[in-house]
Each structure stands twice: as C-alpha cells, then as structure tokens.
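Q: My structure file data_10.csv, CSV, C-alpha atoms and all ligand atoms, is below:
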chain,number,residue,atom,x,y,z
A,1,ASN,CA,97.9,73.3,77.4
A,2,PHE,CA,96.9,71.7,80.6
A,3,ALA,CA,94.8,68.8,79.2
A,4,ASP,CA,97.8,67.7,77.1
A,5,ALA,CA,100.2,68.1,80.0
A,6,ILE,CA,98.4,65.8,82.4
A,7,GLY,CA,98.3,63.0,79.7
A,8,ALA,CA,96.0,60.0,79.7
A,9,PRO,CA,95.4,57.9,82.8
A,10,LYS,CA,97.0,54.5,82.5
A,11,ILE,CA,97.9,51.5,84.7
A,12,PRO,CA,101.4,52.1,86.1
A,13,ASN,CA,104.3,49.7,86.1
A,14,VAL,CA,105.3,49.7,89.7
A,15,PHE,CA,104.7,46.6,91.8
A,16,TRP,CA,104.6,45.9,95.5
A,17,ASP,CA,108.1,44.3,95.2
A,18,ASP,CA,109.4,47.7,94.1
A,19,VAL,CA,108.4,49.2,97.4
A,20,GLY,CA,110.7,48.3,100.3
A,21,GLY,CA,109.3,48.3,103.9
A,22,LEU,CA,106.3,50.6,104.6
A,23,GLU,CA,104.1,47.6,105.3
A,24,GLU,CA,101.7,49.4,107.6
A,25,ALA,CA,101.1,52.2,105.1
A,26,LYS,CA,100.6,49.7,102.2
A,27,GLN,CA,98.0,47.9,104.2
A,28,THR,CA,96.1,51.1,105.1
A,29,VAL,CA,96.1,52.2,101.5
A,30,VAL,CA,94.9,48.8,100.3
A,31,GLU,CA,92.1,48.7,102.9
A,32,SER,CA,91.0,52.2,102.0
A,33,ILE,CA,90.8,51.4,98.3
A,34,GLN,CA,88.9,48.2,98.9
A,35,ALA,CA,86.3,50.0,101.1
A,36,ASN,CA,86.0,53.1,98.9
A,37,MET,CA,86.2,51.7,95.4
A,38,TYR,CA,84.7,48.2,95.9
A,39,GLY,CA,82.9,48.5,99.2
A,40,SER,CA,79.1,48.5,99.7
A,41,GLN,CA,77.0,51.2,98.2
A,42,GLY,CA,75.8,54.0,100.4
A,43,LEU,CA,79.1,54.2,102.2
A,44,LYS,CA,80.3,57.8,102.4
A,45,ARG,CA,83.3,57.5,100.2
A,46,SER,CA,86.5,59.3,101.0
A,47,GLY,CA,90.0,59.7,99.7
A,48,ILE,CA,93.2,59.6,101.7
A,49,ILE,CA,96.2,61.8,102.0
A,50,LEU,CA,99.8,60.4,102.3
A,51,HIS,CA,102.2,62.5,104.1
A,52,GLY,CA,105.9,62.2,104.8
A,53,ALA,CA,109.3,63.7,104.0
A,54,PRO,CA,110.4,64.2,100.3
A,55,GLY,CA,111.5,61.0,98.6
A,56,CYS,CA,110.0,58.7,101.3
A,57,GLY,CA,107.9,56.7,98.8
A,58,LYS,CA,104.5,58.4,98.6
A,59,THR,CA,104.2,58.4,94.8
A,60,LEU,CA,105.7,54.9,94.7
A,61,ILE,CA,103.0,53.5,97.0
A,62,ALA,CA,100.2,55.2,95.1
A,63,LYS,CA,101.5,53.8,91.8
A,64,ALA,CA,102.0,50.4,93.2
A,65,VAL,CA,98.5,50.2,94.6
A,66,ALA,CA,97.1,51.2,91.2
A,67,THR,CA,99.1,48.5,89.5
A,68,GLU,CA,98.0,45.9,92.0
A,69,PHE,CA,94.3,46.8,91.6
A,70,LYS,CA,94.8,47.1,87.9
A,71,VAL,CA,93.3,50.6,87.8
A,72,ALA,CA,94.3,53.6,85.8
A,73,PHE,CA,96.4,56.3,87.5
A,74,LEU,CA,96.2,60.0,86.8
A,75,SER,CA,98.9,62.0,88.5
A,76,VAL,CA,98.7,65.8,88.8
A,77,LYS,CA,101.0,68.1,90.7
A,78,GLY,CA,99.0,70.8,92.5
A,79,PRO,CA,101.0,73.7,91.2
A,80,GLU,CA,100.7,72.5,87.6
A,81,LEU,CA,97.0,73.0,87.9
A,82,LEU,CA,97.1,76.6,89.1
A,83,ASN,CA,96.6,79.2,86.4
A,84,LYS,CA,96.7,82.9,86.6
A,85,TYR,CA,93.6,83.4,84.4
A,86,VAL,CA,90.4,83.8,86.3
A,87,GLY,CA,88.4,80.5,86.5
A,88,GLN,CA,91.1,78.5,84.7
A,89,SER,CA,92.4,76.7,87.8
A,90,GLU,CA,88.9,75.4,88.7
A,91,GLU,CA,88.4,74.4,85.1
A,92,ASN,CA,91.6,72.5,85.1
A,93,LEU,CA,90.5,70.7,88.3
A,94,ARG,CA,87.2,69.9,86.6
A,95,LYS,CA,89.0,68.4,83.6
A,96,VAL,CA,91.1,66.2,85.9
A,97,PHE,CA,88.0,64.6,87.4
A,98,GLU,CA,86.3,64.3,84.0
A,99,ARG,CA,89.3,62.5,82.6
A,100,ALA,CA,89.4,60.2,85.6
A,101,ARG,CA,85.7,59.4,85.3
A,102,GLN,CA,86.2,58.5,81.6
A,103,ALA,CA,89.0,56.1,82.6
A,104,SER,CA,87.1,54.6,85.5
A,105,PRO,CA,88.2,52.6,87.5
A,106,CYS,CA,90.9,55.2,88.2
A,107,ILE,CA,93.0,56.7,91.0
A,108,ILE,CA,93.7,60.5,90.9
A,109,PHE,CA,96.9,61.3,92.7
A,110,PHE,CA,97.3,65.0,93.7
A,111,ASP,CA,100.9,65.5,94.5
A,112,GLU,CA,101.7,68.6,96.6
A,113,ILE,CA,98.0,68.9,97.4
A,114,ASP,CA,98.8,71.6,100.1
A,115,SER,CA,99.3,74.0,97.2
A,116,LEU,CA,95.7,73.5,96.1
A,117,ALA,CA,94.1,73.6,99.5
A,118,PRO,CA,96.4,75.4,101.9
A,119,ASN,CA,95.0,76.3,105.3
A,120,ARG,CA,93.4,79.7,104.9
A,121,GLY,CA,93.4,80.4,108.6
A,122,LYS,CA,91.6,83.4,110.0
A,123,ASN,CA,92.6,85.8,107.2
A,124,GLY,CA,91.6,83.5,104.4
A,125,ASP,CA,91.1,84.7,100.8
A,126,SER,CA,87.4,84.7,101.0
A,127,GLY,CA,86.0,84.4,97.4
A,128,GLY,CA,89.6,84.3,96.1
A,129,VAL,CA,91.2,81.7,93.9
A,130,ILE,CA,92.1,79.3,96.7
A,131,ASP,CA,88.5,79.4,98.1
A,132,ARG,CA,87.2,78.6,94.6
A,133,ILE,CA,89.6,75.8,94.1
A,134,VAL,CA,88.8,74.2,97.5
A,135,SER,CA,85.0,74.5,96.7
A,136,GLN,CA,85.5,73.0,93.3
A,137,LEU,CA,87.5,70.1,94.8
A,138,LEU,CA,84.8,69.5,97.4
A,139,SER,CA,82.1,69.6,94.8
A,140,GLU,CA,84.0,67.1,92.6
A,141,LEU,CA,84.4,64.8,95.6
A,142,ASP,CA,80.6,65.1,96.3
A,143,LYS,CA,79.8,64.2,92.7
A,144,LEU,CA,81.8,61.0,93.1
A,145,HIS,CA,79.5,59.9,95.9
A,146,ASN,CA,76.5,60.4,93.8
A,147,SER,CA,77.6,58.3,90.9
A,148,SER,CA,77.8,54.6,91.9
A,149,LYS,CA,78.9,53.5,88.5
A,150,THR,CA,82.2,55.4,88.2
A,151,LYS,CA,84.9,54.2,90.4
A,152,VAL,CA,87.3,57.0,91.1
A,153,PHE,CA,89.5,57.1,94.2
A,154,VAL,CA,91.3,60.3,95.1
A,155,MET,CA,94.7,60.3,96.9
A,156,GLY,CA,96.7,63.3,97.9
A,157,ALA,CA,100.3,63.7,98.9
A,158,THR,CA,102.1,66.3,100.9
A,159,ASN,CA,105.3,67.0,102.9
A,160,ARG,CA,103.4,69.5,105.0
A,161,PRO,CA,100.1,68.1,106.3
A,162,ASP,CA,100.0,71.1,108.8
A,163,LEU,CA,99.4,73.4,105.9
A,164,LEU,CA,96.2,71.6,104.7
A,165,ASP,CA,92.9,73.3,104.8
A,166,SER,CA,90.9,71.6,107.6
A,167,SER,CA,87.7,71.5,105.5
A,168,LEU,CA,89.4,68.8,103.4
A,169,LEU,CA,90.0,66.5,106.4
A,170,THR,CA,86.5,65.2,107.1
A,171,PRO,CA,84.7,61.9,106.2
A,172,GLY,CA,83.4,62.1,102.7
A,173,ARG,CA,86.4,64.2,101.7
A,174,PHE,CA,89.7,62.9,102.9
A,175,ASP,CA,89.2,61.0,106.1
A,176,LYS,CA,92.7,59.5,106.5
A,177,LEU,CA,96.1,61.0,106.8
A,178,VAL,CA,98.5,58.2,106.3
A,179,GLU,CA,102.0,58.8,107.5
A,180,ILE,CA,104.8,57.4,105.4
A,181,THR,CA,107.7,57.1,107.8
A,182,PRO,CA,111.2,56.9,106.4
A,183,GLY,CA,113.2,53.8,107.4
A,184,ARG,CA,115.2,54.9,110.3
A,185,ASP,CA,116.2,51.4,111.2
A,186,PHE,CA,118.6,49.3,109.3
A,187,SER,CA,116.1,46.5,108.6
A,188,THR,CA,113.8,48.9,106.7
A,189,ARG,CA,116.8,50.3,104.8
A,190,THR,CA,117.8,46.8,103.9
A,191,LYS,CA,114.3,46.1,102.5
A,192,ILE,CA,114.4,49.4,100.5
A,193,LEU,CA,117.9,48.5,99.1
A,194,GLU,CA,116.6,45.0,98.2
A,195,ALA,CA,113.6,46.6,96.4
A,196,VAL,CA,115.7,49.0,94.4
A,197,ALA,CA,118.5,46.5,93.7
A,198,ARG,CA,116.0,44.2,92.0
A,199,LYS,CA,116.7,46.0,88.8
A,200,VAL,CA,120.5,45.5,88.8
A,201,ARG,CA,122.7,42.4,88.6
A,202,LEU,CA,124.5,41.8,91.9
A,203,HIS,CA,127.7,40.0,92.5
A,204,GLU,CA,127.5,37.2,95.1
A,205,ASP,CA,129.7,39.2,97.5
A,206,VAL,CA,127.0,41.9,97.9
A,207,ASP,CA,125.6,42.1,101.4
A,208,LEU,CA,122.9,44.7,101.5
A,209,THR,CA,122.5,44.4,105.3
A,210,GLU,CA,126.0,45.6,105.7
A,211,ILE,CA,125.4,48.5,103.3
A,212,ALA,CA,122.2,49.4,105.2
A,213,LYS,CA,124.1,49.5,108.5
A,214,ALA,CA,126.7,51.8,107.0
A,215,CYS,CA,124.1,54.2,105.7
A,216,ASP,CA,123.2,57.4,107.4
A,217,GLU,CA,120.0,57.0,109.4
A,218,GLU,CA,118.4,60.0,107.7
A,219,MET,CA,118.7,58.6,104.2
A,220,SER,CA,115.4,58.5,102.4
A,221,GLY,CA,114.2,55.9,99.9
A,222,ALA,CA,115.1,58.2,97.1
A,223,GLN,CA,118.6,58.6,98.4
A,224,LEU,CA,119.0,54.8,98.9
A,225,SER,CA,117.8,54.4,95.3
A,226,ALA,CA,120.4,57.0,94.1
A,227,LEU,CA,123.1,55.1,96.0
A,228,VAL,CA,122.4,51.9,94.0
A,229,SER,CA,122.2,53.8,90.7
A,230,ASN,CA,125.5,55.6,91.4
A,231,ALA,CA,127.1,52.3,92.3
A,232,ALA,CA,125.8,50.8,89.0
A,233,MET,CA,127.2,53.8,87.1
A,234,ARG,CA,130.6,53.2,88.8
A,235,ALA,CA,130.6,49.6,87.8
A,236,ILE,CA,130.0,50.6,84.1
A,237,ILE,CA,132.7,53.3,84.2
A,238,GLU,CA,135.2,50.9,85.8
A,239,ARG,CA,134.4,48.3,83.1
A,240,VAL,CA,134.9,50.8,80.2
A,241,GLN,CA,138.2,51.9,81.7
A,242,GLN,CA,139.4,48.3,82.1
A,243,ILE,CA,138.6,47.6,78.4
A,244,GLU,CA,140.2,50.8,77.2
A,245,SER,CA,143.4,50.1,79.2
A,246,GLY,CA,143.6,46.6,77.7
A,247,GLN,CA,143.1,45.0,81.1
A,248,LEU,CA,139.9,43.3,79.9
A,249,GLN,CA,138.5,41.9,76.6
A,250,SER,CA,135.2,43.6,75.8
A,251,LYS,CA,133.4,40.2,76.0
A,252,THR,CA,134.8,39.1,79.3
A,253,GLY,CA,132.1,38.1,81.8
A,254,GLU,CA,128.9,39.8,82.8
A,255,LEU,CA,128.8,43.2,84.4
A,256,ARG,CA,127.8,42.9,88.1
A,257,LEU,CA,127.5,45.3,90.9
A,258,THR,CA,129.9,44.4,93.7
A,259,GLN,CA,130.0,45.3,97.4
A,260,LYS,CA,133.0,47.6,96.7
A,261,HIS,CA,131.0,49.6,94.2
A,262,LEU,CA,128.2,50.1,96.7
A,263,LEU,CA,130.6,51.0,99.6
A,264,ARG,CA,132.4,53.5,97.4
A,265,SER,CA,129.2,55.2,96.5
A,266,LEU,CA,128.4,55.6,100.1
A,267,HIS,CA,131.3,57.8,101.0
B,301,LIG,P1,108.2,63.8,96.9
B,301,LIG,O1,107.6,64.3,98.2
B,301,LIG,O2,109.6,64.4,96.7
B,301,LIG,O3,107.3,63.8,95.8
B,301,LIG,P2,107.8,60.9,97.3
B,301,LIG,O4,107.5,60.6,98.8
B,301,LIG,O5,106.6,60.9,96.4
B,301,LIG,O6,108.6,62.3,97.2
B,301,LIG,P3,108.7,58.9,95.6
B,301,LIG,O7,108.6,59.7,94.3
B,301,LIG,O8,107.7,57.9,95.9
B,301,LIG,O9,108.8,59.9,96.8
B,301,LIG,O10,110.2,58.2,95.7
B,301,LIG,C1,111.2,58.7,94.9
B,301,LIG,C2,112.0,57.5,94.5
B,301,LIG,O11,112.7,57.0,95.6
B,301,LIG,C3,111.2,56.3,93.9
B,301,LIG,O12,111.0,56.4,92.6
B,301,LIG,C4,112.1,55.1,94.3
B,301,LIG,O13,113.1,54.9,93.4
B,301,LIG,C5,112.7,55.6,95.6
B,301,LIG,N1,112.0,55.1,96.8
B,301,LIG,C6,111.5,55.9,97.8
B,301,LIG,N2,110.9,55.1,98.8
B,301,LIG,C7,111.2,53.8,98.4
B,301,LIG,C8,110.9,52.6,99.1
B,301,LIG,N3,110.2,52.5,100.2
B,301,LIG,N4,111.3,51.5,98.4
B,301,LIG,C9,111.9,51.5,97.2
B,301,LIG,N5,112.2,52.7,96.6
B,301,LIG,C10,111.9,53.8,97.2
For the structure just supplied, provide its representation as structure tokens.

A:
Amino acid sequence: NFADAIGAPKIPNVFWDDVGGLEEAKQTVVESIQANMYGSQGLKRSGIILHGAPGCGKTLIAKAVATEFKVAFLSVKGPELLNKYVGQSEENLRKVFERARQASPCIIFFDEIDSLAPNRGKNGDSGGVIDRIVSQLLSELDKLHNSSKTKVFVMGATNRPDLLDSSLLTPGRFDKLVEITPGRDFSTRTKILEAVARKVRLHEDVDLTEIAKACDEEMSGAQLSALVSNAAMRAIIERVQQIESGQLQSKTGELRLTQKHLLRSLH
C-alpha cells in the first residue's frame, strides 16, 4: 500500500561535499529554505522546483540540503502517487503532507512533479483526476501557510519544466524554478569527479583533471559517478585475477584505484 511504500521521513546521509559544482543552485536552494522555513512570519511561503536533465543532481542537492539543515526528507515520485481508483490519488497526496507535518521540520521532495501537475492547456480535463490532484496540491500548500508551527518545505523536480501546469508557478505555491545545469566545462566535471571519488581509495597517480578533460562534454553527474564505480569494479576484478593467477599474495598491499583504471573505464 502507498503509505508503506513512501516510508518514514528521515534525515538523509548526503552532504554538501558529495555534491560537485552546482554552487549557484546550492545557494539558491539554501536561501529559499532559510526564507521559507525559518524566515519571518507572515511571509507568503513558497516551494521551489528544480529542473534539469536526468542525472544532473536534482535529488542529490535536495537530500544534501535536508542533511545540512538537519530536517527530515520525504521523497515521493509523482507517478507512484497516482492511483486508478477514484479519489485515491488525492488521498495519497493528503497522506504525504500529513506525514511530513508529523515529522516537521521536513522537506517533501516530489520527483517527476510534471506527472502530478501537467500543463492542462486549453483542452484540460476539467473536473478530471489531474484537476483534482492539482487542487489538492494547491490546498495542501495553502494549509502550510496557515500553520506557523509546522515547518514543511516543498520541493519538486522535473526534466520537463515546460510541461508544468502554470497555476503551480506563482508566489505562495512554487515561486522559483531553479535550473540545475550539467557541468559542460572540465572544471565542473573535475569537481563532480572529486565529489564521487571521495568514497574510493585513490592511487597517488590519479589526476582527476586529466580524466575530466578526457570526458565527453555531455556526461551527466550520474554518468561521471558510474565512471568511477566502473573503474573501482575494474580494480577489484584485476586484483582477484592477480591473486588467482598467483601473481599476487592475497594480503599484498591495499587496493587503490589508479589512473589506468579510470582511463580504461572511459573508453
Ligand atoms: P533524475 O532526473 O534522473 O531523477 P537527478 O537529477 O535527480 O536525476 P540525481 O539522482 O541527483 O539526479 O543523481 C544521480 C546520481 O548521480 C547521484 O546519486 C550521484 O551519484 C551522481 N551525481 C549527479 N550529479 C552529481 C554532482 N553534481 N556531484 C556528484 N555526484 C553527482
């Protein structure tokens, strides 16, 4: 059932150091949370929507900001919430907000928010399920304004901001669309590689700048992260093969990722 599937909100384990680059977006998100969760009363509180290509770090930033502010995080994918039974999708949405209020202070993160509130255009589904979900969402956002004690901040993420219903994008609802731009320059790619490589042991010969220069410009954060994981896997396989072939004693030295492992994973 849906309530079990979304789980309990908890403080994530992702830190700013895990997020490479994206400085401007980080700052915008931090300022928005400061103003909306901890700002003065009477302010019309609004959420924000992060947009950018798949794997560019939207979820990562949202989790990191929750960790840094030590607030619980409740992540829901839009399509998960949709249910074919009449009224059930709205009920699911109501439960999400209820759960967040109980866990206050809490950030709700709606991934793929365009699936919940797609632009209905001229031939909208008046009175249909999408209309009811959008109005439920707007009424839940209004309820948050009226309760000063509960601190709930709402974030959405989408790859297609052009598909969002415009009624969502107003002050008091979602007033900021924050673009998460992928690192098209090698210095951003270096920062992302440094962030993902924090979790592995690197040989002294590793030069992440050189790797970043050799990477395709189009590579997303998720692809850069996969590059490092693949290289780490190569290092392990190589070590096992060396032990099996008698080239190495099982206790010899520590396993470290070398530049060669990284370069090989690149091509
Ligand atoms: P989607 O639209 O597919 O949901 P997303 O933008 O939410 O994608 P994330 O889930 O945040 O993408 O990123 C996927 C993974 O890629 C992260 O868990 C992380 O390992 C890596 N990653 C992405 N961007 C960065 C970054 N800027 N720094 C470090 N790692 C990154």

Q: Tell me, counting all atoms listed in the file, for each residue of chain A within 7 Å of ligand LIG 301 (chain B), which pair of atoms is nearest and how far apart they are in Å to one decimal, in rows ordered by chain and increasing number, as JSON lines.

A:
{"residue": "A:Asp18", "atom": "CA", "partner": "B:LIG301", "partner_atom": "C9", "distance": 5.5}
{"residue": "A:Val19", "atom": "CA", "partner": "B:LIG301", "partner_atom": "N4", "distance": 3.8}
{"residue": "A:Gly20", "atom": "CA", "partner": "B:LIG301", "partner_atom": "N4", "distance": 3.8}
{"residue": "A:Gly21", "atom": "CA", "partner": "B:LIG301", "partner_atom": "N3", "distance": 5.7}
{"residue": "A:Leu22", "atom": "CA", "partner": "B:LIG301", "partner_atom": "N3", "distance": 6.2}
{"residue": "A:Gly52", "atom": "CA", "partner": "B:LIG301", "partner_atom": "O4", "distance": 6.4}
{"residue": "A:Ala53", "atom": "CA", "partner": "B:LIG301", "partner_atom": "O1", "distance": 6.1}
{"residue": "A:Pro54", "atom": "CA", "partner": "B:LIG301", "partner_atom": "O1", "distance": 3.5}
{"residue": "A:Gly55", "atom": "CA", "partner": "B:LIG301", "partner_atom": "O9", "distance": 3.4}
{"residue": "A:Cys56", "atom": "CA", "partner": "B:LIG301", "partner_atom": "O4", "distance": 4.0}
{"residue": "A:Gly57", "atom": "CA", "partner": "B:LIG301", "partner_atom": "O8", "distance": 3.1}
{"residue": "A:Lys58", "atom": "CA", "partner": "B:LIG301", "partner_atom": "O4", "distance": 3.7}
{"residue": "A:Thr59", "atom": "CA", "partner": "B:LIG301", "partner_atom": "O8", "distance": 3.7}
{"residue": "A:Leu60", "atom": "CA", "partner": "B:LIG301", "partner_atom": "O8", "distance": 3.8}
{"residue": "A:Ile61", "atom": "CA", "partner": "B:LIG301", "partner_atom": "O8", "distance": 6.5}
{"residue": "A:Asp111", "atom": "CA", "partner": "B:LIG301", "partner_atom": "O3", "distance": 6.7}
{"residue": "A:Thr158", "atom": "CA", "partner": "B:LIG301", "partner_atom": "O1", "distance": 6.4}
{"residue": "A:Asn159", "atom": "CA", "partner": "B:LIG301", "partner_atom": "O1", "distance": 5.9}
{"residue": "A:Ile192", "atom": "CA", "partner": "B:LIG301", "partner_atom": "N4", "distance": 4.3}
{"residue": "A:Leu193", "atom": "CA", "partner": "B:LIG301", "partner_atom": "C9", "distance": 7.0}
{"residue": "A:Ala195", "atom": "CA", "partner": "B:LIG301", "partner_atom": "C9", "distance": 5.2}
{"residue": "A:Val196", "atom": "CA", "partner": "B:LIG301", "partner_atom": "C9", "distance": 5.3}
{"residue": "A:Ser220", "atom": "CA", "partner": "B:LIG301", "partner_atom": "C6", "distance": 6.6}
{"residue": "A:Gly221", "atom": "CA", "partner": "B:LIG301", "partner_atom": "C6", "distance": 3.4}
{"residue": "A:Ala222", "atom": "CA", "partner": "B:LIG301", "partner_atom": "O11", "distance": 3.1}
{"residue": "A:Gln223", "atom": "CA", "partner": "B:LIG301", "partner_atom": "O11", "distance": 6.7}
{"residue": "A:Ser225", "atom": "CA", "partner": "B:LIG301", "partner_atom": "O13", "distance": 5.1}

Q: For a test of reading the model, state the distance in Å between CA of Thr258 in chain A and CA of Asp216 in chain A, rounded to one decimal.

A: 20.0 Å

Q: Pick out the closest residue to Phe15 in chain A from this set: A:Ile243, A:Ala232, A:Leu262, A:Val65. Count all atoms listed in the file.

A: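 Using all atoms listed in the file, Phe15 in chain A sits closest to A:Val65.
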
Q: With all atoms listed in the file as the atoms that count, which of A:Lys63, A:Lys176, A:His267, A:Arg101 lies nearest to Ile11 in chain A?

A: A:Lys63

Q: Pick the closest to Gln27 in chain A from A:Ala62, A:Glu218, A:Glu80, A:Ser147: which is it, counting only C-alpha atoms?

A: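 Of all the options, A:Ala62 lies closest to Gln27 in chain A.
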
Q: Given the choices A:Thr67, A:Ser265, A:Asn146, A:Gln242, which gets closest to Ala214 in chain A if the distance is worked out from all atoms listed in the file?

A: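 Distance minimum relative to Ala214 in chain A lands on A:Ser265.
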
Q: Find the spatial neighbours of range 210-212 of chain A, counting only C-alpha atoms, within a cut-off of 6 Å - ignore same-chain residues fewer than 3 positions away - and output them as a list of chain:residue names.

A: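 Returned residues: A:Phe186, A:Arg189, A:Thr190, A:Asp207, A:Cys215.
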
Q: Which residues are near Phe174 in chain A? Cut-off 10 Å, only C-alpha atoms, ignore same chain within fewer than 4 positions. Put them as a list of chain:residue names.

A: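 That gives A:Arg45, A:Ser46, A:Gly47, A:Ile48, A:Ile49, A:Leu138, A:Leu141, A:Val154, A:Met155, A:Gly156, A:Ser166, A:Ser167, A:Leu168, A:Leu169, A:Thr170.
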
Q: For range 221-233 of chain A, I'd like the enclosing box, axis-aligned and padded by 8 Å on every side, reported as JSON with centre and edge lengths in Å to one decimal.

A:
{"center_x": 120.7, "center_y": 54.7, "center_z": 93.5, "size_x": 29.0, "size_y": 23.8, "size_z": 28.8}

Q: What would range 45-59 of chain A look like with N, CA, C and O atoms restored, written as a PDB file, in the coordinates of the input?

A:
ATOM      1  N   ARG A  45      81.978  57.805 100.694  1.00  0.00           N
ATOM      2  CA  ARG A  45      83.300  57.500 100.200  1.00  0.00           C
ATOM      3  C   ARG A  45      84.282  58.662 100.389  1.00  0.00           C
ATOM      4  O   ARG A  45      83.930  59.810 100.245  1.00  0.00           O
ATOM      5  N   SER A  46      85.501  58.289 100.750  1.00  0.00           N
ATOM      6  CA  SER A  46      86.500  59.300 101.000  1.00  0.00           C
ATOM      7  C   SER A  46      87.836  58.933 100.435  1.00  0.00           C
ATOM      8  O   SER A  46      88.130  57.758 100.239  1.00  0.00           O
ATOM      9  N   GLY A  47      88.633  59.951 100.198  1.00  0.00           N
ATOM     10  CA  GLY A  47      90.000  59.700  99.700  1.00  0.00           C
ATOM     11  C   GLY A  47      90.955  59.706 100.909  1.00  0.00           C
ATOM     12  O   GLY A  47      90.541  59.834 102.069  1.00  0.00           O
ATOM     13  N   ILE A  48      92.226  59.534 100.624  1.00  0.00           N
ATOM     14  CA  ILE A  48      93.200  59.600 101.700  1.00  0.00           C
ATOM     15  C   ILE A  48      94.379  60.485 101.282  1.00  0.00           C
ATOM     16  O   ILE A  48      94.598  60.728 100.098  1.00  0.00           O
ATOM     17  N   ILE A  49      95.083  60.956 102.286  1.00  0.00           N
ATOM     18  CA  ILE A  49      96.200  61.800 102.000  1.00  0.00           C
ATOM     19  C   ILE A  49      97.489  61.151 102.624  1.00  0.00           C
ATOM     20  O   ILE A  49      97.500  60.777 103.799  1.00  0.00           O
ATOM     21  N   LEU A  50      98.499  60.960 101.792  1.00  0.00           N
ATOM     22  CA  LEU A  50      99.800  60.400 102.300  1.00  0.00           C
ATOM     23  C   LEU A  50     100.673  61.568 102.647  1.00  0.00           C
ATOM     24  O   LEU A  50     100.761  62.537 101.888  1.00  0.00           O
ATOM     25  N   HIS A  51     101.295  61.484 103.795  1.00  0.00           N
ATOM     26  CA  HIS A  51     102.200  62.500 104.100  1.00  0.00           C
ATOM     27  C   HIS A  51     103.550  61.975 104.618  1.00  0.00           C
ATOM     28  O   HIS A  51     103.600  60.891 105.190  1.00  0.00           O
ATOM     29  N   GLY A  52     104.615  62.693 104.363  1.00  0.00           N
ATOM     30  CA  GLY A  52     105.900  62.200 104.800  1.00  0.00           C
ATOM     31  C   GLY A  52     106.983  63.069 104.042  1.00  0.00           C
ATOM     32  O   GLY A  52     106.657  63.798 103.099  1.00  0.00           O
ATOM     33  N   ALA A  53     108.218  62.930 104.503  1.00  0.00           N
ATOM     34  CA  ALA A  53     109.300  63.700 104.000  1.00  0.00           C
ATOM     35  C   ALA A  53     109.509  63.475 102.458  1.00  0.00           C
ATOM     36  O   ALA A  53     109.080  62.440 101.952  1.00  0.00           O
ATOM     37  N   PRO A  54     110.142  64.403 101.747  1.00  0.00           N
ATOM     38  CA  PRO A  54     110.400  64.200 100.300  1.00  0.00           C
ATOM     39  C   PRO A  54     111.171  62.898 100.076  1.00  0.00           C
ATOM     40  O   PRO A  54     112.069  62.555 100.849  1.00  0.00           O
ATOM     41  N   GLY A  55     110.780  62.172  99.041  1.00  0.00           N
ATOM     42  CA  GLY A  55     111.500  61.000  98.600  1.00  0.00           C
ATOM     43  C   GLY A  55     111.278  59.753  99.530  1.00  0.00           C
ATOM     44  O   GLY A  55     112.021  58.782  99.479  1.00  0.00           O
ATOM     45  N   CYS A  56     110.210  59.786 100.370  1.00  0.00           N
ATOM     46  CA  CYS A  56     110.000  58.700 101.300  1.00  0.00           C
ATOM     47  C   CYS A  56     109.135  57.563 100.654  1.00  0.00           C
ATOM     48  O   CYS A  56     108.919  56.520 101.264  1.00  0.00           O
ATOM     49  N   GLY A  57     108.614  57.768  99.448  1.00  0.00           N
ATOM     50  CA  GLY A  57     107.900  56.700  98.800  1.00  0.00           C
ATOM     51  C   GLY A  57     106.391  56.934  98.606  1.00  0.00           C
ATOM     52  O   GLY A  57     105.650  55.987  98.322  1.00  0.00           O
ATOM     53  N   LYS A  58     105.929  58.170  98.739  1.00  0.00           N
ATOM     54  CA  LYS A  58     104.500  58.400  98.600  1.00  0.00           C
ATOM     55  C   LYS A  58     103.970  58.114  97.230  1.00  0.00           C
ATOM     56  O   LYS A  58     102.989  57.393  97.061  1.00  0.00           O
ATOM     57  N   THR A  59     104.666  58.653  96.231  1.00  0.00           N
ATOM     58  CA  THR A  59     104.200  58.400  94.800  1.00  0.00           C
ATOM     59  C   THR A  59     104.373  56.937  94.495  1.00  0.00           C
ATOM     60  O   THR A  59     103.513  56.363  93.817  1.00  0.00           O
TER      61      THR A  59
END
